[in-house]
Structures are given as C-alpha cells and as structure tokens.
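Coordinates as given in input_28.csv (CSV, C-alpha atoms (C1' of nucleotides)):
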```csv
chain,number,residue,atom,x,y,z
A,1,MET,CA,34.5,-16.3,30.3
A,2,ASP,CA,31.7,-17.6,32.4
A,3,VAL,CA,28.8,-15.2,32.3
A,4,ARG,CA,27.2,-16.7,35.3
A,5,THR,CA,30.2,-16.2,37.5
A,6,ILE,CA,31.1,-12.7,36.6
A,7,THR,CA,30.3,-10.5,39.6
A,8,ARG,CA,32.5,-7.5,39.5
A,9,CYS,CA,31.7,-4.3,37.6
A,10,CYS,CA,32.9,-3.3,34.2
A,11,GLU,CA,33.9,-6.4,32.3
A,12,PRO,CA,33.3,-4.9,28.8
A,13,VAL,CA,33.1,-7.6,26.2
A,14,LEU,CA,32.6,-5.1,23.5
A,15,THR,CA,36.0,-3.5,24.1
A,16,ALA,CA,37.8,-6.7,23.1
A,17,PRO,CA,37.3,-9.1,20.2
A,18,LEU,CA,35.0,-11.9,21.1
A,19,GLY,CA,36.0,-15.5,20.5
A,20,GLU,CA,33.5,-18.1,19.3
A,21,ASP,CA,33.2,-19.8,22.7
A,22,ASP,CA,32.6,-16.6,24.6
A,23,ALA,CA,30.2,-15.5,22.0
A,24,GLU,CA,28.3,-18.7,22.3
A,25,GLU,CA,28.1,-18.3,26.1
A,26,LEU,CA,27.0,-14.7,26.0
A,27,ALA,CA,24.4,-15.5,23.3
A,28,SER,CA,22.9,-18.2,25.5
A,29,ALA,CA,22.6,-15.6,28.3
A,30,PHE,CA,20.7,-13.2,26.0
A,31,LYS,CA,18.6,-16.1,24.6
A,32,VAL,CA,17.0,-16.5,28.0
A,33,LEU,CA,15.8,-12.9,27.9
A,34,ALA,CA,14.7,-13.2,24.3
A,35,ASP,CA,11.2,-14.5,25.1
A,36,PRO,CA,8.1,-12.4,26.0
A,37,ALA,CA,6.8,-14.9,28.5
A,38,ARG,CA,10.1,-14.9,30.4
A,39,LEU,CA,10.3,-11.1,30.4
A,40,ARG,CA,6.8,-10.9,31.7
A,41,LEU,CA,7.5,-13.4,34.4
A,42,MET,CA,10.6,-11.5,35.5
A,43,SER,CA,8.6,-8.3,35.4
A,44,LEU,CA,5.9,-9.8,37.7
A,45,VAL,CA,8.4,-11.1,40.2
A,46,ALA,CA,10.4,-7.8,40.1
A,47,ASN,CA,7.3,-5.8,40.9
A,48,SER,CA,6.0,-7.9,43.7
A,49,PRO,CA,5.8,-5.8,46.9
A,50,SER,CA,6.9,-8.7,49.0
A,51,GLY,CA,9.8,-9.5,46.6
A,52,GLU,CA,8.5,-12.9,45.8
A,53,VAL,CA,5.7,-14.5,43.9
A,54,CYS,CA,4.0,-17.8,44.1
A,55,ALA,CA,4.0,-19.8,40.9
A,56,CYS,CA,0.3,-20.3,41.3
A,57,ASP,CA,-0.2,-16.6,40.8
A,58,LEU,CA,1.7,-16.5,37.5
A,59,VAL,CA,-0.4,-18.8,35.2
A,60,VAL,CA,-3.5,-16.6,34.8
A,61,PRO,CA,-1.7,-13.3,34.1
A,62,LEU,CA,0.6,-14.9,31.6
A,63,GLY,CA,-2.2,-16.6,29.6
A,64,ARG,CA,-0.2,-19.7,29.1
A,65,SER,CA,-0.6,-23.3,30.4
A,66,GLN,CA,0.8,-24.3,33.7
A,67,PRO,CA,3.5,-26.6,32.2
A,68,THR,CA,4.6,-23.7,30.0
A,69,ILE,CA,4.9,-21.4,33.0
A,70,SER,CA,6.8,-24.0,34.9
A,71,HIS,CA,9.2,-24.5,32.0
A,72,HIS,CA,10.0,-20.8,31.7
A,73,LEU,CA,10.5,-20.4,35.4
A,74,SER,CA,13.0,-23.3,35.3
A,75,VAL,CA,14.9,-21.7,32.5
A,76,LEU,CA,15.1,-18.4,34.4
A,77,VAL,CA,16.3,-20.2,37.6
A,78,ASP,CA,18.9,-22.2,35.6
A,79,ALA,CA,20.1,-19.0,34.1
A,80,GLY,CA,20.6,-17.5,37.6
A,81,LEU,CA,18.0,-14.8,37.0
A,82,LEU,CA,15.4,-16.1,39.5
A,83,ALA,CA,15.6,-18.0,42.7
A,84,ARG,CA,13.2,-20.8,43.7
A,85,GLU,CA,12.1,-21.7,47.2
A,86,ARG,CA,9.7,-24.5,47.9
A,87,ARG,CA,7.3,-24.1,50.8
A,88,GLY,CA,5.0,-27.0,51.2
A,89,LYS,CA,2.9,-27.4,48.0
A,90,TRP,CA,3.9,-24.0,46.7
A,91,ALA,CA,7.0,-22.7,44.9
A,92,TRP,CA,8.0,-19.1,45.5
A,93,TYR,CA,10.2,-17.1,43.1
A,94,SER,CA,12.4,-14.0,43.7
A,95,MET,CA,14.8,-11.9,41.7
A,96,VAL,CA,18.6,-12.3,41.5
A,97,PRO,CA,19.2,-8.8,40.2
A,98,GLU,CA,23.0,-9.1,40.0
A,99,LYS,CA,22.7,-11.2,36.9
A,100,LEU,CA,20.9,-8.5,35.0
A,101,ALA,CA,23.5,-5.9,36.0
A,102,VAL,CA,26.3,-8.2,34.7
A,103,LEU,CA,24.7,-8.4,31.3
A,104,CYS,CA,24.2,-4.7,31.3
A,105,GLN,CA,27.8,-4.0,32.1
A,106,ILE,CA,29.0,-6.4,29.4
A,107,LEU,CA,27.0,-4.6,26.8
A,108,ALA,CA,27.4,-0.9,27.7
A,109,PRO,CA,30.2,-0.5,30.2
A,110,SER,CA,30.5,3.2,29.6
A,111,ALA,CA,27.0,3.8,30.7
A,112,SER,CA,27.3,2.1,34.1
A,113,CYS,CA,30.6,2.5,35.7
B,1,MET,CA,6.9,1.2,24.0
B,2,ASP,CA,9.1,1.4,21.0
B,3,VAL,CA,12.6,0.1,22.0
B,4,ARG,CA,14.2,1.6,18.9
B,5,THR,CA,13.0,5.1,19.6
B,6,ILE,CA,13.8,5.3,23.4
B,7,THR,CA,16.7,7.6,23.8
B,8,ARG,CA,16.5,9.1,27.3
B,9,CYS,CA,18.1,7.4,30.3
B,10,CYS,CA,16.3,5.4,33.0
B,11,GLU,CA,13.2,3.8,31.4
B,12,PRO,CA,13.1,0.8,33.8
B,13,VAL,CA,10.8,-1.8,32.4
B,14,LEU,CA,11.4,-4.1,35.3
B,15,THR,CA,10.0,-1.5,37.8
B,16,ALA,CA,6.5,-1.8,36.2
B,17,PRO,CA,4.5,-4.8,35.0
B,18,LEU,CA,5.2,-5.6,31.4
B,19,GLY,CA,2.3,-6.1,29.0
B,20,GLU,CA,2.3,-8.8,26.3
B,21,ASP,CA,2.9,-6.3,23.4
B,22,ASP,CA,5.8,-4.6,25.2
B,23,ALA,CA,7.3,-7.9,26.2
B,24,GLU,CA,7.1,-9.1,22.6
B,25,GLU,CA,8.9,-6.0,21.4
B,26,LEU,CA,11.6,-6.1,24.1
B,27,ALA,CA,12.1,-9.9,23.5
B,28,SER,CA,12.7,-9.1,19.8
B,29,ALA,CA,15.4,-6.7,20.7
B,30,PHE,CA,17.2,-9.3,22.8
B,31,LYS,CA,16.7,-11.9,20.1
B,32,VAL,CA,19.0,-9.9,17.9
B,33,LEU,CA,21.8,-10.2,20.6
B,34,ALA,CA,21.1,-13.9,21.2
B,35,ASP,CA,23.3,-15.2,18.4
B,36,PRO,CA,27.1,-15.8,18.7
B,37,ALA,CA,27.7,-14.7,15.1
B,38,ARG,CA,26.0,-11.4,15.6
B,39,LEU,CA,27.8,-10.8,18.9
B,40,ARG,CA,31.1,-11.4,17.2
B,41,LEU,CA,30.3,-9.1,14.4
B,42,MET,CA,29.4,-6.3,16.8
B,43,SER,CA,32.6,-7.1,18.7
B,44,LEU,CA,34.7,-6.8,15.6
B,45,VAL,CA,33.1,-3.5,14.6
B,46,ALA,CA,33.3,-2.1,18.1
B,47,ASN,CA,37.0,-2.8,18.3
B,48,SER,CA,38.0,-1.4,15.0
B,49,PRO,CA,40.5,1.4,15.4
B,50,SER,CA,38.9,3.4,12.6
B,51,GLY,CA,35.4,2.9,14.0
B,52,GLU,CA,34.2,1.1,10.9
B,53,VAL,CA,34.8,-2.3,9.2
B,54,CYS,CA,34.4,-3.4,5.6
B,55,ALA,CA,32.1,-6.4,5.2
B,56,CYS,CA,34.8,-8.0,3.1
B,57,ASP,CA,37.0,-8.3,6.3
B,58,LEU,CA,34.3,-10.0,8.4
B,59,VAL,CA,33.7,-13.3,6.4
B,60,VAL,CA,37.0,-15.0,7.2
B,61,PRO,CA,37.2,-14.2,11.0
B,62,LEU,CA,33.6,-15.3,11.5
B,63,GLY,CA,34.1,-18.6,9.7
B,64,ARG,CA,30.7,-18.4,8.1
B,65,SER,CA,29.6,-18.1,4.5
B,66,GLN,CA,29.3,-14.7,2.8
B,67,PRO,CA,25.5,-14.9,2.6
B,68,THR,CA,25.3,-15.7,6.3
B,69,ILE,CA,27.5,-12.7,7.2
B,70,SER,CA,25.4,-10.5,5.0
B,71,HIS,CA,22.2,-11.8,6.6
B,72,HIS,CA,23.5,-11.1,10.2
B,73,LEU,CA,24.7,-7.7,9.3
B,74,SER,CA,21.3,-6.8,7.9
B,75,VAL,CA,19.6,-8.0,11.1
B,76,LEU,CA,21.9,-5.8,13.1
B,77,VAL,CA,21.3,-2.8,10.9
B,78,ASP,CA,17.5,-3.4,11.0
B,79,ALA,CA,17.7,-3.5,14.8
B,80,GLY,CA,19.5,-0.1,14.8
B,81,LEU,CA,22.7,-1.6,16.4
B,82,LEU,CA,24.9,-1.1,13.4
B,83,ALA,CA,25.0,1.5,10.6
B,84,ARG,CA,25.7,0.6,7.0
B,85,GLU,CA,27.5,2.9,4.4
B,86,ARG,CA,28.1,1.8,0.9
B,87,ARG,CA,31.3,3.1,-0.9
B,88,GLY,CA,31.6,1.8,-4.4
B,89,LYS,CA,31.7,-2.0,-4.3
B,90,TRP,CA,32.2,-2.1,-0.5
B,91,ALA,CA,29.9,-1.9,2.5
B,92,TRP,CA,31.2,-0.3,5.7
B,93,TYR,CA,29.7,-0.9,9.1
B,94,SER,CA,29.9,1.2,12.3
B,95,MET,CA,28.4,1.0,15.7
B,96,VAL,CA,25.3,2.8,17.0
B,97,PRO,CA,26.2,2.4,20.7
B,98,GLU,CA,23.1,4.2,22.0
B,99,LYS,CA,20.9,1.2,21.3
B,100,LEU,CA,22.9,-1.0,23.5
B,101,ALA,CA,22.8,1.5,26.3
B,102,VAL,CA,19.0,1.7,26.0
B,103,LEU,CA,18.7,-2.1,26.5
B,104,CYS,CA,21.1,-1.9,29.4
B,105,GLN,CA,19.0,0.8,31.1
B,106,ILE,CA,15.8,-1.1,30.6
B,107,LEU,CA,17.3,-4.1,32.3
B,108,ALA,CA,19.2,-2.7,35.2
B,109,PRO,CA,18.3,1.0,35.7
B,110,SER,CA,19.8,1.1,39.2
B,111,ALA,CA,23.2,0.3,37.8
B,112,SER,CA,23.4,3.1,35.3
B,113,CYS,CA,21.7,6.2,36.4
C,1,DG,C1',-3.3,-45.1,53.3
C,2,DA,C1',-6.3,-42.5,50.0
C,3,DT,C1',-7.4,-38.1,48.1
C,4,DT,C1',-6.5,-33.6,46.6
C,5,DC,C1',-3.9,-29.9,45.1
C,6,DG,C1',0.3,-27.4,43.3
C,7,DT,C1',4.2,-28.2,40.6
C,8,DA,C1',7.5,-30.5,37.6
C,9,DT,C1',8.4,-33.7,33.7
C,10,DT,C1',7.6,-36.1,29.3
C,11,DG,C1',6.4,-36.4,24.6
C,12,DA,C1',4.8,-34.4,20.5
C,13,DC,C1',3.9,-30.7,17.3
C,14,DG,C1',4.7,-26.6,14.7
C,15,DA,C1',7.0,-22.1,14.0
C,16,DG,C1',11.1,-19.6,13.6
C,17,DC,C1',15.7,-19.2,12.3
C,18,DA,C1',20.8,-20.0,11.3
C,19,DT,C1',23.1,-21.8,7.6
C,20,DC,C1',24.7,-22.6,2.8
C,21,DA,C1',24.5,-23.1,-2.4
C,22,DA,C1',23.1,-20.8,-6.2
C,23,DT,C1',21.8,-16.6,-8.2
C,24,DC,C1',21.1,-11.7,-8.8
C,25,DT,C1',22.5,-6.8,-8.5
C,26,DA,C1',25.7,-3.1,-8.6
C,27,DT,C1',30.1,-1.1,-9.2
C,28,DC,C1',34.6,-0.8,-10.9
C,29,DT,C1',38.0,-1.7,-14.6
C,30,DG,C1',39.9,-2.7,-19.2
D,1,DC,C1',30.5,-3.1,-23.6
D,2,DA,C1',32.7,-7.3,-21.3
D,3,DG,C1',34.6,-9.3,-17.4
D,4,DA,C1',35.5,-9.2,-12.6
D,5,DT,C1',34.4,-8.4,-7.9
D,6,DA,C1',31.6,-7.2,-3.6
D,7,DG,C1',27.4,-7.6,-1.6
D,8,DA,C1',22.5,-8.8,-1.3
D,9,DT,C1',18.7,-12.0,-2.2
D,10,DT,C1',16.4,-16.4,-2.8
D,11,DG,C1',15.3,-21.1,-1.7
D,12,DA,C1',16.0,-25.2,0.8
D,13,DT,C1',17.3,-27.7,4.9
D,14,DG,C1',18.0,-29.0,9.6
D,15,DC,C1',17.8,-27.7,14.2
D,16,DT,C1',16.1,-25.2,18.2
D,17,DC,C1',12.5,-24.0,21.1
D,18,DG,C1',7.8,-22.4,22.7
D,19,DT,C1',3.7,-24.6,23.5
D,20,DC,C1',0.2,-27.9,25.2
D,21,DA,C1',-1.9,-32.5,26.7
D,22,DA,C1',-1.0,-36.1,29.5
D,23,DT,C1',1.3,-37.8,33.2
D,24,DA,C1',4.3,-38.1,37.3
D,25,DC,C1',5.8,-36.3,41.7
D,26,DG,C1',5.3,-34.4,46.3
D,27,DA,C1',3.2,-32.4,50.1
D,28,DA,C1',-0.9,-31.6,52.9
D,29,DT,C1',-5.3,-33.2,54.7
D,30,DC,C1',-8.7,-36.5,56.0
```
How does this structure look as structure tokens?
Amino acid sequence: MDVRTITRCCEPVLTAPLGEDDAEELASAFKVLADPARLRLMSLVANSPSGEVCACDLVVPLGRSQPTISHHLSVLVDAGLLARERRGKWAWYSMVPEKLAVLCQILAPSASC
Amino acid sequence: MDVRTITRCCEPVLTAPLGEDDAEELASAFKVLADPARLRLMSLVANSPSGEVCACDLVVPLGRSQPTISHHLSVLVDAGLLARERRGKWAWYSMVPEKLAVLCQILAPSASC
DNA sequence: GATTCGTATTGACGAGCATCAATCTATCTG
DNA sequence: CAGATAGATTGATGCTCGTCAATACGAATC
C-alpha cells in the first residue's frame, strides 16, 4: 500500500488486518500531521482567500524561526499535502486537499462513502 | 477545542485559522495514530469478529514485548480510541469508532458530510 | 559584478518517545 | 496460603525530531 498514490474512495485499512510495512507507511503519513506547527501552516494555507500563501507571510504568525518554517513546509510538500511554486524570490504554497481525504477514508470509511 | 469531547459532525478545523493551543491538542490526537504498533493494534481489534480482543492475543502478532504492547494499549485507551474491560486475569479491548470519525471530519469535512 | 532580500540547507542541541528487562499487582487455582 | 499466570508499572537506553544559529543558494536590482 502506498498512501501517497491512493486516490480512489473507500480503501478502509481498518477493515483488514494491517501488516507491519503498511502500518509503518500509514504511521509516517500521520506523523506529518502530528505537529502543531505543521497543522497551523496547513490551516493558514487552507484559509487563504486566494488559495495560496507566500512563505514570507508564515514566519510571524507561527512564532518560529524562518529555517523552522521552511523545514515544516518542506515536510508538508514531501508528504504531498502542500504544493510549492517559486515566483522570483518568493515561494507560494497551496493545498493538495485530496491527500487529507485519503487519510480520512482510510480511518473512517463508513463516515465518508 | 477538546478533540476528545467533539461528537457532532462537521467541525472543520481547516476552514478556520488554527490557534497554537488547538493545534497542540489536535497534533496530540494524531500523534497517537503516528505509530505502526498502535495502528496494527487498532487494526486487530477492529477486525475481530467478536468485536473485542484479549491482550494475551496481541503480543505474538505484533512481535513486541508484553510491556510494549501494554504501553501502546494504554495510550490508545487514554486517547479514547479503544475501551478496556477487565475480566478476571484478562483484559479485553474494543473499538470506540466515533473518535476516528471525529478526526476524519476535522481533516476533510467536505468528504464526509 | 556587487548588493540585497527571500528561501533553503547544514549542524548541533535537547526533549520526547518506543522499546525492553526487571519488577510489581491482581486474580485464579490447588 | 502458595504457586502460577496475565497485565501493568518502573527504569534505562537509544533513536527520532523540532528547533535555532549560521551559512549557502538564487533571484532581483543597482
């Protein structure tokens, strides 16, 4: 199972025993969400009217250093939860909402489909 | 926001900016899921025909020591994801599926409701 | 080309946690 | 009560990771 490639609805992991490899992979996906700074970053991007946010506008509201913000943004991009686009000196980030829905469906398929 | 007390549907955190305290709490909830041993334990309980599993039947399939299994089960119970019932010498565990659905709805409200 | 500015990377430090061995607690059975 | 068994707790260890200071990279401007 590759969490990052699952796209169709209703792939309920909790309706079949989970092997060690699959569990490791799914745990890695949740690990990305298990950090308050990353959740706040996603929240700020998700609530931007334009649908994207400049990295330069994320350091102050988060209250962390610039390298820390850059690190968390990279983790979110690597996980496929955010998309990065460079424009000149600035980096703009936008949501990839499908990834969240996939994790949701894995957890609670009965609630979604 | 108290993740463990939210019961109604559609409480989309990602449609409103997330404060540091709320983010910390939500991150803690995901941290519980961000471990392969705990995911496998939940998977085994969720797939039990009787709806409950004796702790004595979880040590061997997980391939971890008895104290480690006991530790993870306690974490899951404390998070409200599993319920524990003692019967004599044995401890039986069952799912509390509502908690998973709550996390799902927080993440991807549009997919569920 | 030199400077400036935004972002990414590197290295180091400290906290948190998954794990196990040893021990303790509780319950059942002679 | 004594022994046995299931589960929880304690203490220690090693690893992961969030964080920051310092630095490197890249693009725009002069």
Fit result for chain B on chain A over all paired C-alpha atoms, given as a PDB file with C-alpha atoms, in the coordinates of the input:
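Output file selection-v9.pdb is given in full below:
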```pdb
ATOM      1  CA  MET B   1      34.378 -16.305  30.345  1.00  0.00           C
ATOM      2  CA  ASP B   2      31.649 -17.640  32.502  1.00  0.00           C
ATOM      3  CA  VAL B   3      28.714 -15.127  32.401  1.00  0.00           C
ATOM      4  CA  ARG B   4      27.083 -16.691  35.453  1.00  0.00           C
ATOM      5  CA  THR B   5      30.105 -16.277  37.661  1.00  0.00           C
ATOM      6  CA  ILE B   6      31.093 -12.637  36.712  1.00  0.00           C
ATOM      7  CA  THR B   7      30.271 -10.473  39.627  1.00  0.00           C
ATOM      8  CA  ARG B   8      32.581  -7.442  39.493  1.00  0.00           C
ATOM      9  CA  CYS B   9      31.652  -4.302  37.561  1.00  0.00           C
ATOM     10  CA  CYS B  10      33.014  -3.245  34.162  1.00  0.00           C
ATOM     11  CA  GLU B  11      33.886  -6.431  32.208  1.00  0.00           C
ATOM     12  CA  PRO B  12      33.322  -4.861  28.746  1.00  0.00           C
ATOM     13  CA  VAL B  13      33.141  -7.589  26.189  1.00  0.00           C
ATOM     14  CA  LEU B  14      32.612  -5.139  23.401  1.00  0.00           C
ATOM     15  CA  THR B  15      36.016  -3.436  24.097  1.00  0.00           C
ATOM     16  CA  ALA B  16      37.874  -6.662  23.079  1.00  0.00           C
ATOM     17  CA  PRO B  17      37.335  -9.117  20.229  1.00  0.00           C
ATOM     18  CA  LEU B  18      34.977 -11.876  21.184  1.00  0.00           C
ATOM     19  CA  GLY B  19      35.964 -15.485  20.534  1.00  0.00           C
ATOM     20  CA  GLU B  20      33.486 -18.106  19.281  1.00  0.00           C
ATOM     21  CA  ASP B  21      33.215 -19.899  22.707  1.00  0.00           C
ATOM     22  CA  ASP B  22      32.625 -16.637  24.591  1.00  0.00           C
ATOM     23  CA  ALA B  23      30.147 -15.439  22.029  1.00  0.00           C
ATOM     24  CA  GLU B  24      28.257 -18.725  22.297  1.00  0.00           C
ATOM     25  CA  GLU B  25      28.061 -18.379  26.056  1.00  0.00           C
ATOM     26  CA  LEU B  26      27.027 -14.702  26.012  1.00  0.00           C
ATOM     27  CA  ALA B  27      24.414 -15.441  23.241  1.00  0.00           C
ATOM     28  CA  SER B  28      22.935 -18.127  25.539  1.00  0.00           C
ATOM     29  CA  ALA B  29      22.512 -15.635  28.272  1.00  0.00           C
ATOM     30  CA  PHE B  30      20.606 -13.264  26.001  1.00  0.00           C
ATOM     31  CA  LYS B  31      18.559 -16.136  24.637  1.00  0.00           C
ATOM     32  CA  VAL B  32      17.014 -16.510  28.044  1.00  0.00           C
ATOM     33  CA  LEU B  33      15.799 -12.807  27.871  1.00  0.00           C
ATOM     34  CA  ALA B  34      14.615 -13.156  24.263  1.00  0.00           C
ATOM     35  CA  ASP B  35      11.174 -14.520  25.084  1.00  0.00           C
ATOM     36  CA  PRO B  36       8.107 -12.345  25.953  1.00  0.00           C
ATOM     37  CA  ALA B  37       6.825 -14.908  28.465  1.00  0.00           C
ATOM     38  CA  ARG B  38      10.041 -14.951  30.385  1.00  0.00           C
ATOM     39  CA  LEU B  39      10.289 -11.153  30.351  1.00  0.00           C
ATOM     40  CA  ARG B  40       6.817 -10.921  31.777  1.00  0.00           C
ATOM     41  CA  LEU B  41       7.536 -13.393  34.449  1.00  0.00           C
ATOM     42  CA  MET B  42      10.628 -11.484  35.547  1.00  0.00           C
ATOM     43  CA  SER B  43       8.535  -8.308  35.411  1.00  0.00           C
ATOM     44  CA  LEU B  44       5.895  -9.766  37.650  1.00  0.00           C
ATOM     45  CA  VAL B  45       8.449 -11.016  40.173  1.00  0.00           C
ATOM     46  CA  ALA B  46      10.404  -7.788  40.111  1.00  0.00           C
ATOM     47  CA  ASN B  47       7.321  -5.763  40.893  1.00  0.00           C
ATOM     48  CA  SER B  48       6.012  -7.825  43.702  1.00  0.00           C
ATOM     49  CA  PRO B  49       5.755  -5.805  46.881  1.00  0.00           C
ATOM     50  CA  SER B  50       6.920  -8.737  48.989  1.00  0.00           C
ATOM     51  CA  GLY B  51       9.847  -9.470  46.674  1.00  0.00           C
ATOM     52  CA  GLU B  52       8.592 -12.942  45.859  1.00  0.00           C
ATOM     53  CA  VAL B  53       5.684 -14.499  43.877  1.00  0.00           C
ATOM     54  CA  CYS B  54       3.999 -17.878  44.151  1.00  0.00           C
ATOM     55  CA  ALA B  55       3.999 -19.818  40.882  1.00  0.00           C
ATOM     56  CA  CYS B  56       0.297 -20.370  41.383  1.00  0.00           C
ATOM     57  CA  ASP B  57      -0.269 -16.562  40.787  1.00  0.00           C
ATOM     58  CA  LEU B  58       1.695 -16.444  37.514  1.00  0.00           C
ATOM     59  CA  VAL B  59      -0.371 -18.872  35.259  1.00  0.00           C
ATOM     60  CA  VAL B  60      -3.444 -16.685  34.820  1.00  0.00           C
ATOM     61  CA  PRO B  61      -1.687 -13.283  34.141  1.00  0.00           C
ATOM     62  CA  LEU B  62       0.647 -14.903  31.622  1.00  0.00           C
ATOM     63  CA  GLY B  63      -2.172 -16.584  29.722  1.00  0.00           C
ATOM     64  CA  ARG B  64      -0.126 -19.692  29.163  1.00  0.00           C
ATOM     65  CA  SER B  65      -0.546 -23.256  30.339  1.00  0.00           C
ATOM     66  CA  GLN B  66       0.805 -24.396  33.718  1.00  0.00           C
ATOM     67  CA  PRO B  67       3.490 -26.592  32.140  1.00  0.00           C
ATOM     68  CA  THR B  68       4.667 -23.695  29.998  1.00  0.00           C
ATOM     69  CA  ILE B  69       4.938 -21.387  33.039  1.00  0.00           C
ATOM     70  CA  SER B  70       6.820 -24.052  34.894  1.00  0.00           C
ATOM     71  CA  HIS B  71       9.178 -24.564  31.949  1.00  0.00           C
ATOM     72  CA  HIS B  72       9.973 -20.764  31.691  1.00  0.00           C
ATOM     73  CA  LEU B  73      10.505 -20.443  35.355  1.00  0.00           C
ATOM     74  CA  SER B  74      12.998 -23.291  35.309  1.00  0.00           C
ATOM     75  CA  VAL B  75      14.901 -21.656  32.433  1.00  0.00           C
ATOM     76  CA  LEU B  76      15.106 -18.477  34.428  1.00  0.00           C
ATOM     77  CA  VAL B  77      16.277 -20.247  37.541  1.00  0.00           C
ATOM     78  CA  ASP B  78      18.869 -22.243  35.514  1.00  0.00           C
ATOM     79  CA  ALA B  79      20.152 -18.960  34.079  1.00  0.00           C
ATOM     80  CA  GLY B  80      20.583 -17.566  37.638  1.00  0.00           C
ATOM     81  CA  LEU B  81      18.004 -14.733  37.027  1.00  0.00           C
ATOM     82  CA  LEU B  82      15.432 -16.029  39.436  1.00  0.00           C
ATOM     83  CA  ALA B  83      15.630 -17.987  42.712  1.00  0.00           C
ATOM     84  CA  ARG B  84      13.219 -20.760  43.584  1.00  0.00           C
ATOM     85  CA  GLU B  85      12.054 -21.694  47.198  1.00  0.00           C
ATOM     86  CA  ARG B  86       9.653 -24.462  47.825  1.00  0.00           C
ATOM     87  CA  ARG B  87       7.217 -24.118  50.845  1.00  0.00           C
ATOM     88  CA  GLY B  88       4.937 -27.070  51.186  1.00  0.00           C
ATOM     89  CA  LYS B  89       2.900 -27.431  47.996  1.00  0.00           C
ATOM     90  CA  TRP B  90       3.957 -23.989  46.677  1.00  0.00           C
ATOM     91  CA  ALA B  91       6.972 -22.655  44.818  1.00  0.00           C
ATOM     92  CA  TRP B  92       8.085 -19.073  45.467  1.00  0.00           C
ATOM     93  CA  TYR B  93      10.232 -17.086  43.097  1.00  0.00           C
ATOM     94  CA  SER B  94      12.438 -14.018  43.736  1.00  0.00           C
ATOM     95  CA  MET B  95      14.796 -11.978  41.703  1.00  0.00           C
ATOM     96  CA  VAL B  96      18.592 -12.283  41.514  1.00  0.00           C
ATOM     97  CA  PRO B  97      19.150  -8.754  40.138  1.00  0.00           C
ATOM     98  CA  GLU B  98      22.946  -9.059  39.949  1.00  0.00           C
ATOM     99  CA  LYS B  99      22.753 -11.199  36.833  1.00  0.00           C
ATOM    100  CA  LEU B 100      20.946  -8.586  34.939  1.00  0.00           C
ATOM    101  CA  ALA B 101      23.433  -5.959  35.946  1.00  0.00           C
ATOM    102  CA  VAL B 102      26.290  -8.187  34.742  1.00  0.00           C
ATOM    103  CA  LEU B 103      24.712  -8.423  31.244  1.00  0.00           C
ATOM    104  CA  CYS B 104      24.140  -4.697  31.260  1.00  0.00           C
ATOM    105  CA  GLN B 105      27.811  -4.021  32.068  1.00  0.00           C
ATOM    106  CA  ILE B 106      29.031  -6.376  29.409  1.00  0.00           C
ATOM    107  CA  LEU B 107      26.985  -4.551  26.835  1.00  0.00           C
ATOM    108  CA  ALA B 108      27.422  -0.931  27.663  1.00  0.00           C
ATOM    109  CA  PRO B 109      30.245  -0.500  30.232  1.00  0.00           C
ATOM    110  CA  SER B 110      30.535   3.243  29.585  1.00  0.00           C
ATOM    111  CA  ALA B 111      26.999   3.753  30.769  1.00  0.00           C
ATOM    112  CA  SER B 112      27.344   2.125  34.140  1.00  0.00           C
ATOM    113  CA  CYS B 113      30.689   2.560  35.666  1.00  0.00           C
TER     114      CYS B 113
END
```
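The interatomic distance for the pair atom C1' of DT13 of chain D and atom CA of Thr68 of chain B works out to 14.5 Å.
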Within 9 Å of chain A, which residues of chain D show up when using only C-alpha atoms (C1' of nucleotides), listed as JSON, numbers by chain?
{"D": [18, 19, 20, 26, 27, 28]}
Okay, now the selection with C-alpha atoms (C1' of nucleotides), as a PDB file, in the coordinates of the input?
```
ATOM      1  C1'  DG D  18       7.800 -22.400  22.700  1.00  0.00           C
ATOM      2  C1'  DT D  19       3.700 -24.600  23.500  1.00  0.00           C
ATOM      3  C1'  DC D  20       0.200 -27.900  25.200  1.00  0.00           C
ATOM      4  C1'  DG D  26       5.300 -34.400  46.300  1.00  0.00           C
ATOM      5  C1'  DA D  27       3.200 -32.400  50.100  1.00  0.00           C
ATOM      6  C1'  DA D  28      -0.900 -31.600  52.900  1.00  0.00           C
TER       7       DA D  28
END
```
Using 12 Å as the limit and counting all atoms listed in the file, can you tabulate each residue of chain C that touches chain B, with its shortest atom-to-atom distance in Å and the two atoms involved, as JSON lines?
```
{"residue": "C:DG16", "atom": "C1'", "partner": "B:Lys31", "partner_atom": "CA", "distance": 11.5}
{"residue": "C:DC17", "atom": "C1'", "partner": "B:Asp35", "partner_atom": "CA", "distance": 10.5}
{"residue": "C:DA18", "atom": "C1'", "partner": "B:Thr68", "partner_atom": "CA", "distance": 8.0}
{"residue": "C:DT19", "atom": "C1'", "partner": "B:Thr68", "partner_atom": "CA", "distance": 6.6}
{"residue": "C:DC20", "atom": "C1'", "partner": "B:Ser65", "partner_atom": "CA", "distance": 6.9}
{"residue": "C:DA21", "atom": "C1'", "partner": "B:Pro67", "partner_atom": "CA", "distance": 9.7}
{"residue": "C:DA22", "atom": "C1'", "partner": "B:Pro67", "partner_atom": "CA", "distance": 10.9}
{"residue": "C:DT23", "atom": "C1'", "partner": "B:Pro67", "partner_atom": "CA", "distance": 11.5}
{"residue": "C:DT25", "atom": "C1'", "partner": "B:Lys89", "partner_atom": "CA", "distance": 11.2}
{"residue": "C:DA26", "atom": "C1'", "partner": "B:Lys89", "partner_atom": "CA", "distance": 7.5}
{"residue": "C:DT27", "atom": "C1'", "partner": "B:Lys89", "partner_atom": "CA", "distance": 5.2}
{"residue": "C:DC28", "atom": "C1'", "partner": "B:Lys89", "partner_atom": "CA", "distance": 7.3}
```
Closest of A:Val45, A:Ala83, A:Val59, A:Leu18 to chain B, counting all atoms listed in the file, is A:Leu18
Using all atoms listed in the file, determine which residues lie at most 12 Å from Trp92 of chain B, disregarding the query and same-chain residues fewer than 4 positions distant; provide the list as a list of chain:residue names.
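Listing them by chain and then by number gives B:Val45, B:Ser48, B:Ser50, B:Gly51, B:Glu52, B:Val53, B:Cys54, B:Ala55, B:Cys56, B:Asp57, B:Leu58, B:Ser70, B:Leu73, B:Val77, B:Leu82, B:Ala83, B:Arg84, B:Glu85, B:Arg86, B:Arg87, B:Gly88, D:DA6, D:DG7.
For the atom pair formed by atom C1' of DG14 of chain D and atom C1' of DC13 of chain C, the distance is 16.2 Å, given to one decimal.
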Figure out the distance between atom C1' of DG3 of chain D and atom C1' of DT29 of chain C, please, to one decimal in Å.
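Calculated distance between atom C1' of DT29 of chain C and atom C1' of DG3 of chain D is 8.8 Å.
The shell of residues at most 12 Å from DG11 of chain C, with only C-alpha atoms (C1' of nucleotides) counted and near chain neighbours (fewer than 5 positions) removed, consists of DC20, DA21, DA22 and DT23 of chain D.
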Restricting the calculation to all atoms listed in the file: of D:DC30, D:DA24, D:DC1, D:DC15, which residue gets closest to DT10 of chain C?
D:DA24
Can you tell me, as an MDAnalysis selection string, which residues sit within 12 Å of (-6.1, -42.7, 53.1) in the file's frame, using all atoms listed in the file?
(chainID C and resid 1:4) or (chainID D and resid 29:30)
